[in-house]
Every structure is written in C-alpha cells, then in structure tokens.
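Asks: Quick one, query-v1.txt (compact mmCIF, C-alpha atoms):
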# COMPACT_ATOMS: atom_id res chain seq x y z
CA MET A 101 -24.90 94.41 -41.01
CA PRO A 102 -28.59 93.49 -40.60
CA LYS A 103 -29.34 92.72 -36.95
CA PHE A 104 -32.35 91.09 -35.32
CA LEU A 105 -33.62 90.85 -31.74
CA ARG A 106 -35.83 87.98 -30.69
CA ILE A 107 -39.36 88.99 -29.73
CA GLY A 108 -42.07 87.04 -27.93
CA VAL A 109 -39.99 86.99 -24.74
CA HIS A 110 -40.16 90.67 -23.91
CA GLN A 111 -42.28 93.79 -24.15
CA SER A 112 -41.05 96.86 -25.99
CA ASN A 113 -41.71 99.10 -22.98
CA VAL A 114 -39.77 96.93 -20.54
CA SER A 115 -36.15 97.50 -19.53
CA GLY A 116 -33.72 95.01 -18.05
CA TYR A 117 -34.72 91.80 -19.81
CA THR A 118 -32.57 89.22 -21.58
CA SER A 119 -33.07 87.97 -25.13
CA LYS A 120 -31.08 86.81 -28.15
CA ALA A 121 -29.65 88.72 -31.08
CA TRP A 122 -28.66 87.48 -34.54
CA CYS A 123 -26.52 89.34 -37.09
CA VAL A 124 -25.53 88.62 -40.69
CA ARG A 125 -23.07 90.28 -43.06
CA ARG A 126 -22.19 89.33 -46.65
CA VAL A 127 -18.83 90.07 -48.22
CA GLY A 128 -18.53 88.75 -51.76
CA SER A 129 -19.18 85.02 -51.69
CA ALA A 130 -18.82 84.73 -47.89
CA VAL A 131 -21.50 85.20 -45.24
CA PHE A 132 -20.52 86.09 -41.68
CA LEU A 133 -22.97 85.18 -38.90
CA LYS A 134 -22.95 86.26 -35.28
CA TRP A 135 -25.48 85.38 -32.58
CA GLY A 136 -25.85 85.09 -28.83
CA ALA A 137 -27.50 86.25 -25.62
CA VAL A 138 -28.01 89.97 -25.05
CA GLU A 139 -29.22 92.24 -22.27
CA VAL A 140 -31.61 95.05 -23.14
CA HIS A 141 -31.70 98.22 -21.07
CA GLY A 142 -33.84 101.29 -21.53
CA THR A 143 -36.86 101.72 -23.78
CA GLY A 144 -37.74 103.48 -27.03
CA ALA A 145 -34.99 105.56 -28.59
CA ALA A 146 -32.90 105.17 -25.42
CA ARG A 147 -32.83 101.39 -25.65
CA LYS A 148 -29.33 99.89 -25.43
CA VAL A 149 -28.43 96.30 -26.28
CA TYR A 150 -25.36 94.57 -24.85
CA TRP A 151 -23.87 91.15 -25.47
CA SER A 152 -24.23 89.33 -22.15
CA ARG A 153 -21.42 86.96 -23.17
CA LEU A 154 -19.12 86.59 -26.16
CA PRO A 155 -21.31 85.90 -29.21
CA GLN A 156 -20.85 82.84 -31.38
CA GLU A 157 -19.56 83.42 -34.90
CA LYS A 158 -19.63 81.41 -38.12
CA THR A 159 -18.39 81.96 -41.66
CA VAL A 160 -20.26 80.33 -44.55
CA ARG A 161 -18.39 80.05 -47.87
CA CYS A 162 -21.01 80.02 -50.60
CA GLY A 163 -18.78 79.86 -53.69
CA THR A 164 -20.36 82.75 -55.58
CA ALA A 165 -21.66 86.18 -54.68
CA GLN A 166 -25.14 85.26 -55.94
CA ALA A 167 -25.23 82.13 -53.79
CA ALA A 168 -24.13 84.19 -50.78
CA GLN A 169 -26.83 86.75 -51.48
CA ASP A 170 -29.49 84.03 -51.74
CA TYR A 171 -28.23 82.43 -48.52
CA THR A 172 -28.42 85.77 -46.71
CA LYS A 173 -31.94 86.53 -47.93
CA ALA A 174 -33.18 83.09 -46.89
CA ALA A 175 -31.54 83.38 -43.46
CA ILE A 176 -33.12 86.78 -42.85
CA ALA A 177 -36.53 85.49 -43.96
CA ARG A 178 -36.27 82.62 -41.46
CA ARG A 179 -35.51 85.03 -38.62
CA ARG A 180 -38.44 87.25 -39.52
CA SER A 181 -40.77 84.24 -39.23
CA HIS A 182 -39.26 83.00 -35.97
CA ARG A 183 -40.10 85.80 -33.53
CA TYR A 184 -37.30 88.19 -34.47
CA GLU A 185 -37.58 91.93 -35.13
CA PRO A 186 -35.09 94.12 -37.02
CA LEU A 187 -32.71 95.80 -34.60
CA THR A 188 -31.38 99.29 -35.23
CA GLY A 189 -28.29 100.62 -33.52
CA PRO A 190 -25.20 98.77 -32.37
CA ILE A 191 -24.86 95.84 -30.01
CA ALA A 192 -22.26 96.93 -27.49
CA ASN A 193 -19.77 94.81 -25.63
CA ARG A 194 -20.86 93.25 -22.39
CA ARG A 195 -22.29 95.80 -19.97
CA PRO A 196 -20.18 95.96 -16.79
CA PRO A 197 -22.11 95.25 -13.58
CA ALA A 198 -22.89 98.24 -11.38
CA ALA A 199 -20.63 98.69 -8.39
CA GLY A 200 -21.79 96.67 -5.41
CA LYS A 201 -24.28 94.66 -7.47
CA ALA A 202 -24.14 91.02 -8.44
CA GLU A 203 -23.44 90.24 -12.08
CA LEU A 204 -26.42 89.02 -14.11
CA ARG A 205 -26.42 85.40 -15.20
CA GLN A 206 -28.73 83.90 -17.78
CA ALA A 207 -30.40 80.52 -17.40
CA LEU A 208 -32.87 78.39 -19.35
CA ALA A 209 -35.49 76.16 -17.72
CA THR A 210 -38.97 74.72 -17.95
CA ILE A 211 -41.16 76.83 -15.68
CA LEU A 212 -44.17 75.31 -13.91
CA ILE A 213 -46.99 77.36 -12.38
CA VAL A 214 -49.54 75.58 -10.15
CA ASP A 215 -52.69 77.31 -8.93
CA ILE A 216 -55.68 76.00 -6.93
CA VAL A 217 -59.04 76.45 -8.66
CA GLY A 218 -61.76 78.08 -6.56
CA SER A 219 -59.58 78.44 -3.48
CA THR A 220 -61.43 81.44 -2.06
CA ALA A 221 -64.82 79.72 -2.13
CA LYS A 222 -63.39 76.52 -0.66
CA ALA A 223 -61.62 78.41 2.13
CA ALA A 224 -64.86 80.19 3.01
CA LYS A 225 -66.72 76.87 3.09
CA LEU A 226 -64.17 75.04 5.25
CA GLY A 227 -63.29 77.86 7.62
CA ASP A 228 -59.85 79.11 8.58
CA ALA A 229 -58.76 76.19 10.78
CA ARG A 230 -59.69 73.40 8.33
CA TRP A 231 -58.42 75.37 5.33
CA THR A 232 -55.06 75.94 7.00
CA LYS A 233 -54.77 72.20 7.58
CA VAL A 234 -55.70 71.42 3.97
CA MET A 235 -53.14 73.93 2.70
CA GLY A 236 -50.46 72.32 4.84
CA HIS A 237 -51.20 68.95 3.18
CA TYR A 238 -51.35 70.66 -0.23
CA TYR A 239 -47.88 72.20 0.04
CA ALA A 240 -46.48 68.95 1.45
CA ALA A 241 -47.86 67.05 -1.57
CA VAL A 242 -46.55 69.63 -4.06
CA ARG A 243 -43.08 69.66 -2.52
CA GLN A 244 -42.93 65.87 -2.41
CA GLU A 245 -43.64 65.68 -6.14
CA LEU A 246 -41.14 68.45 -6.86
CA LYS A 247 -38.50 66.49 -4.98
CA THR A 248 -39.38 63.26 -6.79
CA CYS A 249 -39.29 64.89 -10.23
CA GLY A 250 -36.21 67.03 -9.69
CA GLY A 251 -38.01 70.38 -9.57
CA LYS A 252 -36.77 73.49 -7.80
CA GLU A 253 -39.30 75.59 -5.90
CA VAL A 254 -38.83 79.28 -6.64
CA VAL A 255 -41.66 80.98 -4.78
CA THR A 256 -45.15 80.43 -3.35
CA THR A 257 -47.85 83.05 -3.85
CA GLY A 258 -50.97 82.48 -1.77
CA ASP A 259 -52.08 79.07 -3.01
CA GLY A 260 -49.82 79.10 -6.05
CA VAL A 261 -46.40 77.53 -6.57
CA LEU A 262 -43.73 78.44 -9.13
CA ALA A 263 -40.98 75.92 -9.82
CA THR A 264 -38.33 75.22 -12.46
CA PHE A 265 -37.09 72.03 -14.13
CA LYS A 266 -34.08 71.23 -16.25
CA LYS A 267 -36.20 69.07 -18.58
CA PRO A 268 -39.75 69.64 -19.84
CA ALA A 269 -40.59 65.95 -19.45
CA ALA A 270 -39.91 66.22 -15.73
CA GLY A 271 -42.12 69.32 -15.48
CA ILE A 272 -45.04 67.59 -17.20
CA ALA A 273 -44.61 64.46 -15.09
CA CYS A 274 -44.61 66.58 -11.95
CA ALA A 275 -47.69 68.54 -12.99
CA THR A 276 -49.75 65.40 -13.57
CA ALA A 277 -48.49 63.84 -10.34
CA ILE A 278 -49.46 66.94 -8.34
CA ARG A 279 -52.89 66.98 -9.99
CA LYS A 280 -53.49 63.39 -8.88
CA ALA A 281 -52.11 63.92 -5.37
CA VAL A 282 -54.15 67.01 -4.48
CA ARG A 283 -57.41 65.47 -5.67
CA THR A 284 -57.23 63.29 -2.54
CA LEU A 285 -57.56 66.58 -0.61
CA GLY A 286 -60.64 67.59 -2.57
CA LEU A 287 -58.69 70.16 -4.57
CA GLU A 288 -58.45 70.86 -8.27
CA ILE A 289 -55.53 72.72 -9.78
CA ARG A 290 -54.69 74.42 -13.05
CA VAL A 291 -51.14 74.24 -14.37
CA GLY A 292 -49.14 76.16 -16.95
CA LEU A 293 -45.69 75.24 -18.29
CA HIS A 294 -43.36 77.33 -20.41
CA ALA A 295 -39.72 76.89 -21.42
CA GLY A 296 -37.72 80.08 -21.54
CA GLU A 297 -34.80 82.15 -20.36
CA TYR A 298 -34.60 84.15 -17.18
CA THR A 299 -32.00 86.15 -15.29
CA ILE A 300 -30.32 85.25 -12.02
CA SER A 301 -28.98 88.19 -10.05
CA GLY A 302 -27.76 87.80 -6.48
CA GLY A 303 -29.79 84.61 -6.07
CA GLU A 304 -33.00 86.26 -7.33
CA MET A 305 -34.63 84.93 -10.51
CA VAL A 306 -36.54 87.35 -12.75
CA GLY A 307 -37.78 87.35 -16.32
CA LEU A 308 -40.84 87.58 -18.55
CA ALA A 309 -40.76 83.80 -18.97
CA PHE A 310 -42.21 83.52 -15.46
CA HIS A 311 -45.05 85.86 -16.40
CA ILE A 312 -45.74 83.86 -19.56
CA GLY A 313 -46.04 80.69 -17.48
CA THR A 314 -48.48 82.45 -15.15
CA ARG A 315 -50.62 83.64 -18.05
CA ILE A 316 -50.69 80.13 -19.53
CA ALA A 317 -51.84 78.69 -16.19
CA ALA A 318 -54.62 81.30 -16.09
CA LYS A 319 -55.94 79.94 -19.41
CA ALA A 320 -56.30 76.43 -17.97
CA ARG A 321 -59.55 75.11 -16.56
CA ALA A 322 -59.87 72.91 -13.48
CA GLY A 323 -57.65 69.85 -13.85
CA GLU A 324 -55.97 71.06 -17.05
CA VAL A 325 -52.24 71.17 -17.71
CA LEU A 326 -51.41 73.57 -20.55
CA VAL A 327 -47.99 74.03 -22.14
CA SER A 328 -46.55 76.58 -24.55
CA SER A 329 -45.25 75.79 -28.02
CA ALA A 330 -41.74 76.16 -26.62
CA VAL A 331 -42.38 73.16 -24.36
CA LYS A 332 -43.98 71.19 -27.19
CA GLU A 333 -40.99 71.76 -29.45
CA LEU A 334 -38.66 70.45 -26.77
CA MET A 335 -40.94 67.43 -26.32
CA ALA A 336 -41.01 66.59 -30.04
CA THR A 337 -39.16 63.31 -29.56
CA GLN A 338 -41.15 62.22 -26.49
CA ALA A 339 -44.00 60.14 -27.89
CA ALA A 340 -45.11 59.05 -24.41
CA THR A 341 -46.73 62.44 -23.83
CA SER A 342 -49.89 63.23 -25.76
CA LEU A 343 -50.42 66.94 -26.41
CA ARG A 344 -53.64 68.20 -27.97
CA ASP A 345 -53.84 71.56 -29.72
CA HIS A 346 -55.62 74.04 -27.44
CA GLY A 347 -55.73 76.85 -29.96
CA VAL A 348 -54.11 80.26 -30.26
CA HIS A 349 -54.50 82.67 -27.35
CA ARG A 350 -53.61 86.17 -26.31
CA LEU A 351 -51.72 86.21 -23.03
CA LYS A 352 -52.32 89.38 -21.04
CA GLY A 353 -49.33 91.71 -21.21
CA VAL A 354 -47.38 89.39 -23.53
CA PRO A 355 -46.65 90.27 -27.20
CA GLU A 356 -48.24 88.36 -30.06
CA ARG A 357 -50.56 85.35 -29.93
CA TRP A 358 -49.44 82.06 -28.42
CA ARG A 359 -50.45 78.54 -29.39
CA LEU A 360 -51.09 76.38 -26.34
CA TRP A 361 -51.25 72.60 -25.96
CA ARG A 362 -53.13 70.48 -23.43
CA VAL A 363 -51.51 67.44 -21.83
CA GLU A 364 -53.80 64.48 -22.56
CA ALA A 365 -51.71 61.62 -21.19
CA GLU A 366 -48.47 61.25 -19.27
CA THR A 367 -46.51 58.01 -19.03
CA LEU A 368 -42.96 59.34 -18.95
CA ARG A 369 -40.56 58.46 -16.19
CA ARG A 370 -39.96 61.22 -13.73
CA GLY A 371 -36.64 63.04 -13.34
So, in terms of structure tokens, how does the structure I just supplied come out?

Replies:
Amino acid sequence: MPKFLRIGVHQSNVSGYTSKAWCVRRVGSAVFLKWGAVEVHGTGAARKVYWSRLPQEKTVRCGTAQAAQDYTKAAIARRRSHRYEPLTGPIANRRPPAAGKAELRQALATILIVDIVGSTAKAAKLGDARWTKVMGHYYAAVRQELKTCGGKEVVTTGDGVLATFKKPAAGIACATAIRKAVRTLGLEIRVGLHAGEYTISGGEMVGLAFHIGTRIAAKARAGEVLVSSAVKELMATQAATSLRDHGVHRLKGVPERWRLWRVEAETLRRG
C-alpha cells in the first residue's frame, strides 16, 4: 500500500511533530483510501509514525481494473504535487501517552505574529521610563484588538505577540486594526499570518506552524502584513480582502520555498 506523509509542516530531523498521512491500495476494480492525522516520533531510520486518531477510510468502485489503476496513479500524482513525500514503513495504531503525561491533542488555527519594527533603537531614544510607558499602551492596544476580533493570546516575547484565531478573516482584520492602533503611539509593526496545525499538551501549544508564522513576519517590512498560501487558500471566497503576490521565499529552518501574499486592503467584519 503506497503511503505518503505531508511535508512543508515539519523538518526531517525533528521529532515529536504532527502531520497528515494518506494511503491508497488497489484491489481489482476497487480503490481503498485511508487518511488522517499522525504523530511522528524519532528521526532517520528510527522514525515512527502513529495515527493520532482513527483514520478516515473510503472505497472507490471504479468498474474496471484499468479505471482503478488510472484513478490510483492520478491520486498519487496529486499527493506528490501537494507537499507529500513517500512514506516507508508502517503507520502504527495510536501511540499511548506516557505515564503521568497529558495526552496530545491536535488543533488547527490561523496563527498571527506581531513584532515592533526598530524597537531597540526607539527604546534607546526614549529611555527606559518612557519606553516602558509606550509598551504598556502597546500591549493594551494589541489585547483590545485581540478581544474585539476573537483572538487568543498565546505568548509575548519581548515586544512580540503570538495569537491564534479560528478564522483567517478575523486574523487579518486584527492585524490591520493593530497596525492602525499602534501608529498613534509612533510605532510600526510587521505581521505574519499562517494557518496550520499544532499540538496541545497539558495546556501548552507547540508546533512548527508557530515557527513558520514567525519566519513570515520576519520577511515583512515596516507596516506590512504578510500571509502564507495556506491563509490565502482559506480566504479564496473572501473578496473583501485584497492580497498581492509577494513572491516565493525561503523561510529559515523551514523546508521548501513558500509563496507569500501581502494584505493590500481589509474591509471584512471582525470576528
């Protein structure tokens, strides 16, 4: 049974990430499909893949063996062109959680990364007391917009903020609202948004999707909001948001090249 593991959301030398697997098997004129979320542990030859929940299954009746063969070839070709790599070895049943540890849970969200441009120079110019006051107003403004748009703050890092949204439209609306709000403080921000999966374990959220969002934000210039192709695909039916092609980029530490898009206009309702 040919098996494939989705790439573009992990690194081959990383253990403990979540992804998706897809399997196909042909028997006569029937094609059996299986797919679902997996957990990957170990690296190299020691890598083990486990279903993180029961996979979905589907049987396609093609009528003839030739039609089934053609269907299978086409399905495999689509996976090869959609960030999947051939997977060798079995996919085991769900890996039991270690004793005393919380069970892993997978989630999908739009991830927003906000970062102040030139914060070090501005802090040096204003001095500690004034900068501390400005930062207090900055975080108040960011959190107000997160609340208005339905975002969930995950962590703050220096002058950066990482938050998640259930919908990409809400993330984009929040990013543009924060950009406008902090300009009244004399600040410029750069923002990156990415839609992807991450793992929740004992209340802690981890995953390469967060790193991808950070790398996208790092590609933005002052005042820019950049989004990944994953966000754009989810926004395909939202004509109120104008996204301009920002080219293909390498994101440090992330496999493959990524096409990014710049938010040109935002008129969507928040939430």

Asks: Could you pull the residues within 7 Å of range 149-157 of chain A, counting only C-alpha atoms, minus those fewer than 6 positions along the same chain, as an NGL selection string?

Replies: :A and (133-141 or 191-195)

Asks: Considering all atoms listed in the file, can you say which of A:Arg357, A:His311, A:His294, A:Lys280 comes closest to Val327 in chain A?

Replies: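 Of all the options, A:His294 lies closest to Val327 in chain A.
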
Asks: Name the residues in contact with Ile213 in chain A at a cut-off of 8 Å, using all atoms listed in the file, excluding same-chain residues fewer than 3 positions from it; report them as JSON, numbers by chain.

Replies: {"A": [260, 261, 262, 263, 291, 292, 293, 313, 314, 317]}

Asks: So, counting all atoms listed in the file, which residue among A:Gln244, A:Gly218, A:Ile211, A:Ser119 is closest to Phe265 in chain A?

Replies: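 That would be A:Ile211, the residue with the smallest distance to Phe265 in chain A.
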
Asks: Hey, which of A:Ala209, A:Ile216, A:Val234, A:Val124 ends up closest to Arg179 in chain A? Count all atoms listed in the file.

Replies: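 Ranking A:Ala209, A:Ile216, A:Val234, A:Val124 by distance to Arg179 in chain A, first place goes to A:Val124.
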
Asks: If you measure from CA of Ala168 in chain A to CA of Gly128 in chain A, what distance in Å do you get, rounded to one decimal?

Replies: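 If I compute the distance from CA of Ala168 in chain A to CA of Gly128 in chain A, I get 7.3 Å.
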
Asks: Hey, can you check how far CA of Gly286 in chain A sits from CA of Ile312 in chain A?

Replies: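 Computed distance, CA of Gly286 in chain A to CA of Ile312 in chain A, equals 27.8 Å.
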
Asks: Would you work out the distance separating CA of Gly323 in chain A from CA of Ala281 in chain A, expressed in Å to one decimal?

Replies: 11.7 Å
